[in-house]
Amino acid sequence: MTAPSRAGNRSRGRGRGRDQDRSRVRRFSPAERWIHRTTALLLGVCVVSAGCLYLPELAELVGRRALVVTVHEWSGILTPVPALLGLASRAFRADLTRLNRFGPHDRRWLRAALRRDHRRQERPAGKFNAGQKLYAGYIAGAVLVMAGTGLLMWFTGLAPLVWRTSATFVHDWLALAIGIVLIGHIGKAFADPEARRGMRTGRVERSWAAREHPLWRTDEDAGHDIGEHERQVPLDQ
C-alpha cells in the first residue's frame with residue numbers, strides 16, 4: 001500500500017503544480033530579474049556610501065573615508081552596466097520599448113493619480129502603468145547625470161573649476177532626490193506582495209495581472225513570440 005500511496009501523492013503534487021502554472025503568467029525573464037537585482041545592489045551601495053560621506057553620524061560610525069569614497073565611485077560608475085549588458089536580452093529590449101511608450105491609457109492613469117482616484121477602472125495599465133514608466137525614465141536619466149557629474153568630480157582635470165562646482169551642486173541635490181524616489185519605490189514594492197513575487201520568480205497570478213494591468217495581454221493570451229503584447233486603445237471617452 002505504501003508504494004501506490006506515494007505514487008498517488010506524487011501524481012496529486014504534479015497536478016497541483018500544473019494548476020498553479022496555469023494560474024500564473026510570465027512577467028519577467030531571468031535576464032530581466034538579474035538586471036534588476038544587480039542594478040538595485042549597485043545603486044543601494046552607491047546611496048549607502050553617499051550617506052556615509054555626507055552624514056557626520058554615519059561617517060564617524062564607519063570611518064575609513066578613503067575606502068568609502070572608492071566604493072562610492074566604483075558602484076556609481078558600474079550602476080548602468082547591468083542595463084547595458086541586458087540589451088543582449090530580447091525580453092529586456094521589448095520591455096524597454098513598452099516603458100518608452102505612452103498611450104491614452106497612461107494619460108488617464110496619471111490624471112486619476114493626481115486626483116487620488118484609486119478606482120480600478122480609472123487606472124488602466126498595460127504591462128507597466130504610467131507611474132512605473134515615469135519612475136523608470138527618471139531613474140535612467142538620473143543615473144546618467146550622476147555618472148557624468150561624478151566623473152567631473154572624480155577626474156578634476158576634465159573640466160574647469162566652474163564646471164566642477166556646478167557638477168558638485170547638481171550631484172548632491174540629485175542624489176537627495178534619488179534617495180526620496182527610491183524610498184517611494186521600495187514602499188510601493190512592499191505594499192504589493194504579488195509584484196515582488198513577479199520580480200523574484202518571474203511569474204505572477206493571472207488574476208493579479210487582470211486586476212492591476214488589464215490592458216496587458218500575455219503570450220499565452222495573444223500567442224505572440226516575444227513576451228507580452230499590449231492593446232493600445234483610446235480610453236478618454
# chains A, B, ... in the order shown; residues from 1 in each chain; ligands from 1
$ residues_around --residues "range 111-115 of chain A" --least-positions-apart "3" --cutoff "12 Å" --atoms "only C-alpha atoms" --output "PyMOL selection string"
chain A and resi 104-108+118-125+129-131+236
$ closest_residue --among "A:Met153, A:Leu215, A:Val47, A:Leu41" --to "Val68 in chain A" --atoms "only C-alpha atoms"
A:Val47
$ select_by_dssp --residues "chain A" --states "strand (DSSP E)" --output "PyMOL selection string"
chain A and resi 24-26+203-205+216-217+229-230
$ write_last_selection --atoms "C-alpha atoms" --output "PDB file, in the first residue's frame"
ATOM      1  CA  ARG A  24       0.257  32.255 -13.343  1.00  0.00           C
ATOM      2  CA  VAL A  25       1.693  34.172 -16.271  1.00  0.00           C
ATOM      3  CA  ARG A  26       5.266  35.038 -17.050  1.00  0.00           C
ATOM      4  CA  ARG A 203       5.663  34.843 -12.732  1.00  0.00           C
ATOM      5  CA  VAL A 204       2.506  36.388 -11.259  1.00  0.00           C
ATOM      6  CA  GLU A 205      -1.049  35.284 -10.642  1.00  0.00           C
ATOM      7  CA  TRP A 216      -1.585  43.622 -20.620  1.00  0.00           C
ATOM      8  CA  ARG A 217      -2.006  40.686 -22.985  1.00  0.00           C
ATOM      9  CA  HIS A 229       1.512  42.461 -26.222  1.00  0.00           C
ATOM     10  CA  GLU A 230      -0.378  45.498 -25.008  1.00  0.00           C
TER      11      GLU A 230
END
$ residues_around --residues "Tyr138 in chain A" --least-positions-apart "4" --cutoff "12 Å" --atoms "only C-alpha atoms" --output "list of chain:residue names"
A:Leu99, A:Asn100, A:Gly131, A:Gln132, A:Lys133, A:Leu134, A:Ala142, A:Val143, A:Leu144, A:Val145, A:Met146, A:Leu174, A:Ala177, A:Ile178, A:Val181, A:Leu182, A:His185
